[in-house]
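Participant: Below is the file protein.cif, with mmCIF, C-alpha atoms.
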```cif
data_final
#
loop_
_atom_site.group_PDB
_atom_site.id
_atom_site.type_symbol
_atom_site.label_atom_id
_atom_site.label_comp_id
_atom_site.auth_asym_id
_atom_site.auth_seq_id
_atom_site.Cartn_x
_atom_site.Cartn_y
_atom_site.Cartn_z
ATOM 1 C CA MET A 5 99.092 61.148 -137.613
ATOM 2 C CA LYS A 6 101.892 63.701 -138.092
ATOM 3 C CA LEU A 7 105.312 62.419 -139.201
ATOM 4 C CA LYS A 8 108.674 63.931 -138.116
ATOM 5 C CA ASN A 9 109.019 65.789 -141.417
ATOM 6 C CA GLY A 10 105.676 67.494 -140.847
ATOM 7 C CA GLU A 11 103.728 65.451 -143.360
ATOM 8 C CA VAL A 12 100.465 63.885 -142.326
ATOM 9 C CA ALA A 13 100.353 60.116 -142.817
ATOM 10 C CA ALA A 14 97.201 58.734 -144.328
ATOM 11 C CA PHE A 15 95.420 56.303 -142.039
ATOM 12 C CA ASN A 16 93.141 53.864 -143.789
ATOM 13 C CA VAL A 17 90.794 52.382 -141.214
ATOM 14 C CA GLU A 18 89.541 49.660 -143.531
ATOM 15 C CA SER A 19 93.038 48.550 -144.443
ATOM 16 C CA TYR A 20 94.035 48.590 -140.768
ATOM 17 C CA PHE A 21 90.990 46.469 -139.876
ATOM 18 C CA HIS A 22 91.806 43.915 -142.565
ATOM 19 C CA ASN A 23 95.427 43.722 -141.446
ATOM 20 C CA VAL A 24 94.308 42.943 -137.897
ATOM 21 C CA ARG A 25 91.835 40.364 -139.245
ATOM 22 C CA ASP A 26 94.622 38.680 -141.221
ATOM 23 C CA LEU A 27 96.878 38.707 -138.201
ATOM 24 C CA LEU A 28 94.176 37.088 -136.059
ATOM 25 C CA SER A 29 93.020 34.487 -138.541
ATOM 26 C CA GLU A 30 92.791 30.730 -138.057
ATOM 27 C CA ASN A 31 95.901 28.757 -138.995
ATOM 28 C CA ALA A 32 95.408 24.997 -138.872
ATOM 29 C CA HIS A 33 99.146 24.199 -138.689
ATOM 30 C CA LEU A 34 99.628 26.573 -135.767
ATOM 31 C CA LEU A 35 96.469 25.220 -134.114
ATOM 32 C CA ALA A 36 97.862 21.665 -134.328
ATOM 33 C CA LEU A 37 101.025 22.755 -132.513
ATOM 34 C CA VAL A 38 99.266 24.825 -129.841
ATOM 35 C CA LEU A 39 96.456 22.322 -129.274
ATOM 36 C CA GLY A 40 98.908 19.410 -129.283
ATOM 37 C CA ASP A 41 101.046 21.196 -126.702
ATOM 38 C CA VAL A 42 98.129 21.993 -124.385
ATOM 39 C CA LEU A 43 96.759 18.434 -124.688
ATOM 40 C CA ARG A 44 100.130 17.021 -123.677
ATOM 41 C CA LYS A 45 100.088 19.242 -120.583
ATOM 42 C CA LEU A 46 96.474 18.352 -119.845
ATOM 43 C CA LEU A 47 97.059 14.597 -120.140
ATOM 44 C CA ARG A 48 100.513 14.473 -118.509
ATOM 45 C CA GLY A 49 100.630 11.517 -116.115
ATOM 46 C CA VAL A 50 97.059 10.500 -116.941
ATOM 47 C CA GLN A 51 96.580 6.815 -117.705
ATOM 48 C CA ILE A 52 94.824 6.854 -121.064
ATOM 49 C CA GLN A 53 93.420 3.534 -122.261
ATOM 50 C CA PRO A 54 95.723 2.077 -124.959
ATOM 51 C CA GLU A 55 94.204 2.593 -128.415
ATOM 52 C CA PRO A 56 91.459 4.784 -126.935
ATOM 53 C CA ARG A 57 88.003 5.077 -128.486
ATOM 54 C CA VAL A 58 87.243 8.783 -128.781
ATOM 55 C CA LEU A 59 83.837 10.403 -129.268
ATOM 56 C CA GLU A 60 83.677 14.072 -130.286
ATOM 57 C CA LEU A 61 80.358 15.878 -129.884
ATOM 58 C CA GLY A 62 79.484 18.786 -132.153
ATOM 59 C CA ALA A 63 82.620 17.750 -133.993
ATOM 60 C CA GLY A 64 82.706 20.145 -136.949
ATOM 61 C CA THR A 65 85.652 18.835 -138.963
ATOM 62 C CA GLY A 66 86.816 16.740 -136.001
ATOM 63 C CA PHE A 67 90.113 18.545 -135.553
ATOM 64 C CA LEU A 68 90.406 17.602 -131.863
ATOM 65 C CA THR A 69 89.742 13.889 -132.423
ATOM 66 C CA ARG A 70 91.974 13.727 -135.471
ATOM 67 C CA LEU A 71 94.787 15.240 -133.414
ATOM 68 C CA LEU A 72 94.148 12.927 -130.428
ATOM 69 C CA VAL A 73 94.199 9.883 -132.744
ATOM 70 C CA THR A 74 97.436 11.159 -134.318
ATOM 71 C CA MET A 75 99.029 11.575 -130.875
ATOM 72 C CA TYR A 76 97.630 8.600 -128.951
ATOM 73 C CA GLY A 77 96.390 6.156 -131.615
ATOM 74 C CA GLY A 78 93.019 4.486 -131.262
ATOM 75 C CA SER A 79 89.856 5.368 -133.144
ATOM 76 C CA GLY A 80 87.378 8.221 -133.309
ATOM 77 C CA ALA A 81 83.670 8.816 -133.797
ATOM 78 C CA LEU A 82 82.539 12.286 -134.813
ATOM 79 C CA VAL A 83 78.973 13.491 -134.340
ATOM 80 C CA ASP A 84 77.530 16.672 -135.776
ATOM 81 C CA ASN A 85 74.253 17.589 -137.418
ATOM 82 C CA CYS A 86 75.794 20.182 -139.726
ATOM 83 C CA ARG A 87 75.977 19.080 -143.354
ATOM 84 C CA THR A 88 78.525 21.806 -144.194
ATOM 85 C CA SER A 89 80.928 20.497 -141.527
ATOM 86 C CA PHE A 90 80.406 16.929 -142.713
ATOM 87 C CA ASP A 91 81.196 17.897 -146.304
ATOM 88 C CA ALA A 92 84.254 19.878 -145.142
ATOM 89 C CA TYR A 93 85.487 16.862 -143.167
ATOM 90 C CA ASN A 94 85.152 14.627 -146.223
ATOM 91 C CA ARG A 95 87.170 17.096 -148.289
ATOM 92 C CA ILE A 96 90.088 17.306 -145.865
ATOM 93 C CA LYS A 97 90.351 13.810 -144.415
ATOM 94 C CA ASP A 98 93.283 11.754 -145.610
ATOM 95 C CA LYS A 99 93.914 8.042 -145.899
ATOM 96 C CA SER A 100 95.361 7.749 -142.406
ATOM 97 C CA GLU A 101 92.014 8.799 -140.977
ATOM 98 C CA ASN A 102 90.176 5.599 -141.831
ATOM 99 C CA ARG A 103 89.937 4.888 -138.106
ATOM 100 C CA ILE A 104 87.451 7.742 -137.799
ATOM 101 C CA THR A 105 83.732 7.556 -138.508
ATOM 102 C CA TYR A 106 81.330 10.481 -138.911
ATOM 103 C CA GLN A 107 77.687 10.433 -137.866
ATOM 104 C CA LEU A 108 75.580 13.237 -139.310
ATOM 105 C CA GLU A 109 73.132 13.410 -136.433
ATOM 106 C CA ASP A 110 71.756 15.529 -133.609
ATOM 107 C CA LEU A 111 74.016 14.814 -130.638
ATOM 108 C CA PHE A 112 71.028 14.934 -128.271
ATOM 109 C CA ALA A 113 69.497 11.974 -130.136
ATOM 110 C CA LEU A 114 72.723 10.004 -130.202
ATOM 111 C CA LYS A 115 72.589 6.341 -129.224
ATOM 112 C CA VAL A 116 75.846 4.424 -128.834
ATOM 113 C CA ALA A 117 76.356 0.683 -128.376
ATOM 114 C CA GLU A 118 79.175 1.075 -125.887
ATOM 115 C CA PRO A 119 80.537 4.078 -123.948
ATOM 116 C CA PHE A 120 83.816 5.676 -125.046
ATOM 117 C CA ASP A 121 87.225 5.985 -123.344
ATOM 118 C CA ILE A 122 87.360 9.713 -124.112
ATOM 119 C CA VAL A 123 84.417 11.999 -124.845
ATOM 120 C CA CYS A 124 85.372 15.454 -126.000
ATOM 121 C CA SER A 125 84.150 18.682 -127.559
ATOM 122 C CA PHE A 126 85.913 21.752 -128.901
ATOM 123 C CA GLY A 127 83.884 24.949 -129.029
ATOM 124 C CA LEU A 128 80.534 23.456 -128.046
ATOM 125 C CA ILE A 129 79.458 24.084 -124.486
ATOM 126 C CA GLU A 130 79.953 27.844 -124.653
ATOM 127 C CA HIS A 131 76.965 27.976 -127.020
ATOM 128 C CA PHE A 132 74.624 26.734 -124.255
ATOM 129 C CA LYS A 133 73.470 29.114 -121.569
ATOM 130 C CA GLU A 134 72.294 26.208 -119.438
ATOM 131 C CA LYS A 135 75.085 23.662 -119.508
ATOM 132 C CA GLN A 136 73.554 20.835 -117.506
ATOM 133 C CA GLU A 137 72.062 18.958 -120.458
ATOM 134 C CA ILE A 138 75.021 19.258 -122.829
ATOM 135 C CA LEU A 139 77.483 18.205 -120.128
ATOM 136 C CA SER A 140 75.226 15.256 -119.196
ATOM 137 C CA ILE A 141 75.473 14.026 -122.783
ATOM 138 C CA HIS A 142 79.272 14.034 -122.467
ATOM 139 C CA ARG A 143 79.078 11.960 -119.292
ATOM 140 C CA GLU A 144 76.378 9.628 -120.615
ATOM 141 C CA HIS A 145 78.623 8.386 -123.415
ATOM 142 C CA CYS A 146 81.823 8.154 -121.357
ATOM 143 C CA ARG A 147 82.996 5.032 -119.540
ATOM 144 C CA PRO A 148 83.011 5.429 -115.724
ATOM 145 C CA ASP A 149 86.824 5.147 -115.768
ATOM 146 C CA GLY A 150 87.164 7.260 -118.905
ATOM 147 C CA TYR A 151 87.835 10.963 -119.370
ATOM 148 C CA ILE A 152 86.011 13.982 -120.724
ATOM 149 C CA ILE A 153 87.934 16.770 -122.460
ATOM 150 C CA LEU A 154 86.156 20.113 -122.795
ATOM 151 C CA ILE A 155 87.671 22.945 -124.819
ATOM 152 C CA VAL A 156 86.159 26.419 -124.847
ATOM 153 C CA PRO A 157 87.337 29.835 -125.996
ATOM 154 C CA MET A 158 88.647 31.605 -122.914
ATOM 155 C CA ASP A 159 87.563 35.038 -121.810
ATOM 156 C CA SER A 160 90.648 37.149 -122.477
ATOM 157 C CA PHE A 161 91.588 40.346 -124.279
ATOM 158 C CA LEU A 162 92.947 38.336 -127.229
ATOM 159 C CA THR A 163 89.825 36.196 -127.588
ATOM 160 C CA ARG A 164 87.551 39.230 -127.435
ATOM 161 C CA ALA A 165 89.656 40.953 -130.091
ATOM 162 C CA TYR A 166 89.504 37.818 -132.258
ATOM 163 C CA TYR A 167 85.707 37.676 -132.201
ATOM 164 C CA GLU A 168 85.491 41.449 -132.638
ATOM 165 C CA VAL A 169 87.397 41.378 -135.941
ATOM 166 C CA HIS A 170 85.586 38.268 -137.172
ATOM 167 C CA PRO A 171 81.921 39.287 -136.894
ATOM 168 C CA GLU A 172 80.970 36.712 -139.539
ATOM 169 C CA ILE A 173 81.479 33.887 -137.023
ATOM 170 C CA ASN A 174 79.496 35.542 -134.242
ATOM 171 C CA LEU A 175 76.308 33.633 -134.936
ATOM 172 C CA GLY A 176 74.090 32.790 -132.000
ATOM 173 C CA TYR A 177 74.890 32.658 -128.313
ATOM 174 C CA ARG A 178 78.475 32.294 -127.155
ATOM 175 C CA GLU A 179 79.627 32.699 -123.572
ATOM 176 C CA LEU A 180 83.315 33.376 -123.057
ATOM 177 C CA LEU A 181 84.505 31.781 -119.839
ATOM 178 C CA THR A 182 87.362 32.462 -117.480
ATOM 179 C CA LYS A 183 89.118 29.454 -115.979
ATOM 180 C CA LYS A 184 87.367 30.112 -112.664
ATOM 181 C CA THR A 185 83.847 30.394 -114.075
ATOM 182 C CA ALA A 186 84.320 27.415 -116.396
ATOM 183 C CA LEU A 187 85.410 25.175 -113.532
ATOM 184 C CA GLU A 188 82.558 26.440 -111.331
ATOM 185 C CA GLN A 189 79.981 25.717 -114.040
ATOM 186 C CA ILE A 190 81.403 22.282 -114.799
ATOM 187 C CA GLN A 191 81.414 21.331 -111.125
ATOM 188 C CA THR A 192 77.891 22.665 -110.645
ATOM 189 C CA CYS A 193 76.772 20.306 -113.403
ATOM 190 C CA GLY A 194 78.198 17.333 -111.514
ATOM 191 C CA LEU A 195 81.439 16.734 -113.399
ATOM 192 C CA GLN A 196 84.779 16.362 -111.605
ATOM 193 C CA PRO A 197 87.517 18.493 -113.185
ATOM 194 C CA VAL A 198 90.946 16.895 -112.826
ATOM 195 C CA ARG A 199 93.059 19.563 -114.495
ATOM 196 C CA ALA A 200 92.662 22.721 -116.577
ATOM 197 C CA GLU A 201 95.222 24.225 -118.957
ATOM 198 C CA ALA A 202 95.083 27.380 -121.047
ATOM 199 C CA SER A 203 96.523 27.552 -124.555
ATOM 200 C CA GLN A 204 99.543 29.689 -125.364
ATOM 201 C CA GLY A 205 100.367 31.284 -128.682
ATOM 202 C CA TYR A 206 97.245 30.840 -130.784
ATOM 203 C CA VAL A 207 95.204 33.618 -132.410
ATOM 204 C CA TYR A 208 92.697 33.374 -129.554
ATOM 205 C CA ASP A 209 92.992 31.813 -126.117
ATOM 206 C CA PHE A 210 91.221 28.615 -125.287
ATOM 207 C CA LEU A 211 90.799 26.649 -122.102
ATOM 208 C CA THR A 212 91.077 22.877 -121.921
ATOM 209 C CA VAL A 213 89.503 21.019 -119.007
ATOM 210 C CA LEU A 214 89.961 17.336 -118.206
ATOM 211 C CA CYS A 215 87.196 15.684 -116.172
ATOM 212 C CA LYS A 216 86.623 12.181 -114.849
ATOM 213 C CA GLY A 217 83.973 10.204 -116.691
ATOM 214 C CA MET B 27 121.991 9.421 -144.200
ATOM 215 C CA SER B 28 122.237 13.122 -143.341
ATOM 216 C CA MET B 29 119.722 14.740 -141.015
ATOM 217 C CA HIS B 30 118.423 16.792 -143.959
ATOM 218 C CA GLU B 31 117.700 13.594 -145.877
ATOM 219 C CA GLN B 32 116.112 11.968 -142.862
ATOM 220 C CA ILE B 33 113.716 14.885 -142.348
ATOM 221 C CA ARG B 34 112.993 15.106 -146.074
ATOM 222 C CA ASN B 35 112.077 11.398 -146.137
ATOM 223 C CA PHE B 36 109.711 11.849 -143.209
ATOM 224 C CA ILE B 37 108.000 14.795 -144.911
ATOM 225 C CA GLN B 38 107.734 12.861 -148.182
ATOM 226 C CA ASP B 39 106.139 9.924 -146.367
ATOM 227 C CA ASN B 40 103.460 12.301 -145.104
ATOM 228 C CA LEU B 41 102.687 14.282 -148.242
ATOM 229 C CA VAL B 42 98.990 14.750 -148.974
ATOM 230 C CA VAL B 43 99.612 15.488 -152.640
ATOM 231 C CA PHE B 44 100.006 12.602 -155.039
ATOM 232 C CA ASP B 45 102.053 14.266 -157.717
ATOM 233 C CA ASP B 46 105.273 12.379 -158.477
ATOM 234 C CA ASP B 47 106.864 15.642 -159.479
ATOM 235 C CA VAL B 48 106.475 17.319 -156.095
ATOM 236 C CA GLU B 49 109.705 19.107 -155.347
ATOM 237 C CA PHE B 50 110.684 21.379 -152.515
ATOM 238 C CA SER B 51 113.974 22.826 -151.400
ATOM 239 C CA ASN B 52 115.414 22.859 -147.899
ATOM 240 C CA GLU B 53 114.249 26.476 -147.568
ATOM 241 C CA ASP B 54 110.673 26.019 -148.794
ATOM 242 C CA ASN B 55 107.883 26.498 -146.278
ATOM 243 C CA ILE B 56 106.179 23.093 -146.259
ATOM 244 C CA PHE B 57 103.049 24.450 -144.579
ATOM 245 C CA GLU B 58 102.521 27.303 -147.028
ATOM 246 C CA LEU B 59 103.069 24.962 -149.993
ATOM 247 C CA GLY B 60 100.109 22.858 -148.853
ATOM 248 C CA PHE B 61 102.004 19.576 -149.200
ATOM 249 C CA VAL B 62 101.147 18.374 -145.684
ATOM 250 C CA ASN B 63 97.865 18.272 -143.784
ATOM 251 C CA SER B 64 96.955 20.300 -140.724
ATOM 252 C CA LEU B 65 97.930 17.523 -138.307
ATOM 253 C CA PHE B 66 101.426 17.129 -139.691
ATOM 254 C CA ALA B 67 103.040 19.710 -137.398
ATOM 255 C CA MET B 68 102.227 17.654 -134.322
ATOM 256 C CA LYS B 69 103.181 14.422 -136.082
ATOM 257 C CA LEU B 70 106.556 16.000 -136.827
ATOM 258 C CA VAL B 71 107.029 17.034 -133.182
ATOM 259 C CA THR B 72 106.361 13.446 -132.042
ATOM 260 C CA TYR B 73 108.733 12.108 -134.701
ATOM 261 C CA ILE B 74 111.570 14.480 -133.727
ATOM 262 C CA GLU B 75 111.172 13.610 -130.041
ATOM 263 C CA SER B 76 111.321 9.861 -130.621
ATOM 264 C CA GLU B 77 113.883 9.823 -133.426
ATOM 265 C CA PHE B 78 116.326 12.281 -131.836
ATOM 266 C CA ASN B 79 115.644 11.327 -128.231
ATOM 267 C CA THR B 80 114.698 14.812 -127.105
ATOM 268 C CA THR B 81 111.770 16.643 -125.522
ATOM 269 C CA ILE B 82 110.245 19.681 -127.164
ATOM 270 C CA GLU B 83 109.113 22.213 -124.596
ATOM 271 C CA SER B 84 106.052 24.478 -124.831
ATOM 272 C CA GLU B 85 108.102 27.580 -125.592
ATOM 273 C CA GLU B 86 109.750 25.726 -128.501
ATOM 274 C CA MET B 87 106.412 24.904 -130.150
ATOM 275 C CA ASP B 88 106.974 27.754 -132.562
ATOM 276 C CA ILE B 89 105.860 27.086 -136.124
ATOM 277 C CA ASN B 90 109.039 28.753 -137.398
ATOM 278 C CA ASN B 91 111.058 25.869 -135.916
ATOM 279 C CA PHE B 92 109.217 23.393 -138.133
ATOM 280 C CA ASN B 93 108.278 25.123 -141.391
ATOM 281 C CA THR B 94 111.360 24.338 -143.531
ATOM 282 C CA ILE B 95 113.809 21.437 -143.599
ATOM 283 C CA ASP B 96 116.643 23.843 -142.768
ATOM 284 C CA ASN B 97 114.760 25.243 -139.780
ATOM 285 C CA ILE B 98 113.898 21.765 -138.502
ATOM 286 C CA VAL B 99 117.521 20.623 -138.776
ATOM 287 C CA ASN B 100 118.798 23.817 -137.104
ATOM 288 C CA PHE B 101 116.262 23.360 -134.327
ATOM 289 C CA ILE B 102 117.325 19.745 -133.720
ATOM 290 C CA HIS B 103 120.985 20.811 -133.716
ATOM 291 C CA SER B 104 120.233 23.550 -131.177
ATOM 292 C CA LYS B 105 118.537 20.991 -128.940
ATOM 293 C CA THR B 106 121.418 18.544 -129.090
ATOM 294 C CA VAL B 107 124.030 21.259 -128.527
ATOM 295 C CA TYR B 108 122.372 22.332 -125.264
ATOM 296 C CA GLN B 109 121.594 18.818 -124.004
#
```
Once more with this new file: its structure as structure tokens, please.
Facilitator:
Amino acid sequence: MKLKNGEVAAFNVESYFHNVRDLLSENAHLLALVLGDVLRKLLRGVQIQPEPRVLELGAGTGFLTRLLVTMYGGSGALVDNCRTSFDAYNRIKDKSENRITYQLEDLFALKVAEPFDIVCSFGLIEHFKEKQEILSIHREHCRPDGYIILIVPMDSFLTRAYYEVHPEINLGYRELLTKKTALEQIQTCGLQPVRAEASQGYVYDFLTVLCKG
Amino acid sequence: MSMHEQIRNFIQDNLVVFDDDVEFSNEDNIFELGFVNSLFAMKLVTYIESEFNTTIESEEMDINNFNTIDNIVNFIHSKTVYQ
């Protein structure tokens, strides 16, 4: 690149790449604000059971449930078969999270005594090409008058850029969905979407979908 | 109690560090210091809405409105001025 004074500016591709990576890197505090905002829009006017019992499938560190419990009270059950996520959860949980339990288990083998008021997942269903079975598990553990919250990374320029500069997290199958295709797939699998809201202002875009149990 | 003190007390009640000597100024970025957990931002939003009888809109969910005591107080003042 030539500057006004005629000098040629050095362009370091590696440095540029790392700057973009830093710019588009996860920020838990920002995620709490953006996710909290989109959840409020998603659940506006919806009658949530007081002190809801929340089940999160493929929970990772349970960020979604921890935020829901912070916002709406109640209790949470996290299920994931990943030991690394379980250990990470135990490192970050604080005393106020004693209303949350963690089951280190395959979600497809999960047995619960009583269905939940809210069943949710964040970044799960996009890893399944055929979504019938994984969505059935959500419904199976949800009360008939309860709600299912599905959150997936949305197909957008920003999301594609995010995954492009973070190749280390591109492990296995991941299908980015537009709002239209996500709703079509969810309906095809027999769930009833009530509302869908897209995030605004995070380092990638994600779509939240509320369905009847 | 001043609004600065009120906000400081709320932050101190939610610290995730157990050091009695934790100190931070009104200009310190509470998120970067690591004194609060990742859910605190949303807890703070809920607190501001209930305590100061206001509604925080989507476009105001900017982390820069909530990262220092000064910024939080200025944000609350801006809300009450325009109400």
Participant: Please report as a ChimeraX atom specification which residues of chain B come no farther than 9 Å from chain A, using only C-alpha atoms.
Facilitator: /B:42,57,63-69,71-72,83-85,87-89
Participant: Just how far from atom CA of A:Val213 is atom CA of A:Leu46, in Å to one decimal?
Facilitator: 7.5 Å
Participant: Grab the atom CA of A:Gly217 to atom CA of A:Leu187 distance for me, in Å with one decimal place.
Facilitator: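 Atom-to-atom, atom CA of A:Gly217 and atom CA of A:Leu187 are spaced 15.4 Å apart.
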Participant: What is the atom CA of B:Phe44-atom CA of A:Asn102 distance in Å, reported with one decimal?
Facilitator: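 Straight-line distance from atom CA of B:Phe44 to atom CA of A:Asn102 works out to 17.9 Å.
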Participant: Check what the PyMOL selection byres ((chain A and resi 152-162) around 7) selects in the file above and give those residues as a ChimeraX atom specification.
Facilitator: /A:122-127,130,142,151,163-166,180-182,208-217
Participant: If you keep C-alpha atoms, can you produce a file of those selected residues as an mmCIF file, keeping the file's coordinate frame?
Facilitator:
```
data_model
loop_
_atom_site.group_PDB
_atom_site.id
_atom_site.type_symbol
_atom_site.label_atom_id
_atom_site.label_comp_id
_atom_site.auth_asym_id
_atom_site.auth_seq_id
_atom_site.Cartn_x
_atom_site.Cartn_y
_atom_site.Cartn_z
ATOM 1 C CA ILE A 122 87.360 9.713 -124.112
ATOM 2 C CA VAL A 123 84.417 11.999 -124.845
ATOM 3 C CA CYS A 124 85.372 15.454 -126.000
ATOM 4 C CA SER A 125 84.150 18.682 -127.559
ATOM 5 C CA PHE A 126 85.913 21.752 -128.901
ATOM 6 C CA GLY A 127 83.884 24.949 -129.029
ATOM 7 C CA GLU A 130 79.953 27.844 -124.653
ATOM 8 C CA HIS A 142 79.272 14.034 -122.467
ATOM 9 C CA TYR A 151 87.835 10.963 -119.370
ATOM 10 C CA THR A 163 89.825 36.196 -127.588
ATOM 11 C CA ARG A 164 87.551 39.230 -127.435
ATOM 12 C CA ALA A 165 89.656 40.953 -130.091
ATOM 13 C CA TYR A 166 89.504 37.818 -132.258
ATOM 14 C CA LEU A 180 83.315 33.376 -123.057
ATOM 15 C CA LEU A 181 84.505 31.781 -119.839
ATOM 16 C CA THR A 182 87.362 32.462 -117.480
ATOM 17 C CA TYR A 208 92.697 33.374 -129.554
ATOM 18 C CA ASP A 209 92.992 31.813 -126.117
ATOM 19 C CA PHE A 210 91.221 28.615 -125.287
ATOM 20 C CA LEU A 211 90.799 26.649 -122.102
ATOM 21 C CA THR A 212 91.077 22.877 -121.921
ATOM 22 C CA VAL A 213 89.503 21.019 -119.007
ATOM 23 C CA LEU A 214 89.961 17.336 -118.206
ATOM 24 C CA CYS A 215 87.196 15.684 -116.172
ATOM 25 C CA LYS A 216 86.623 12.181 -114.849
ATOM 26 C CA GLY A 217 83.973 10.204 -116.691
#
```
Participant: To test your reading of the syntax: which residues would the PyMOL selection byres ((chain B and resi 31) around 12) return for the file shown? Reply as a ChimeraX atom specification.
Facilitator: /B:27-30,32-38,51-52,95-96,98-99
Participant: Leaving out A:Thr65 and any residue of its chain fewer than 5 positions from it, which residues lie within 7 Å of it when counting all atoms listed in the file, given as an mmCIF file with C-alpha atoms, in the coordinates of the input?
Facilitator:
```
data_model
loop_
_atom_site.group_PDB
_atom_site.id
_atom_site.type_symbol
_atom_site.label_atom_id
_atom_site.label_comp_id
_atom_site.auth_asym_id
_atom_site.auth_seq_id
_atom_site.Cartn_x
_atom_site.Cartn_y
_atom_site.Cartn_z
ATOM 1 C CA SER A 89 80.928 20.497 -141.527
ATOM 2 C CA PHE A 90 80.406 16.929 -142.713
ATOM 3 C CA ALA A 92 84.254 19.878 -145.142
ATOM 4 C CA TYR A 93 85.487 16.862 -143.167
#
```
Participant: I would like the residues chosen by the PyMOL selection byres ((chain A and resi 191) around 12) on the shown file; could you give them as a PyMOL selection string?
Facilitator: chain A and resi 135-136+139-140+184-190+192-198+213-216
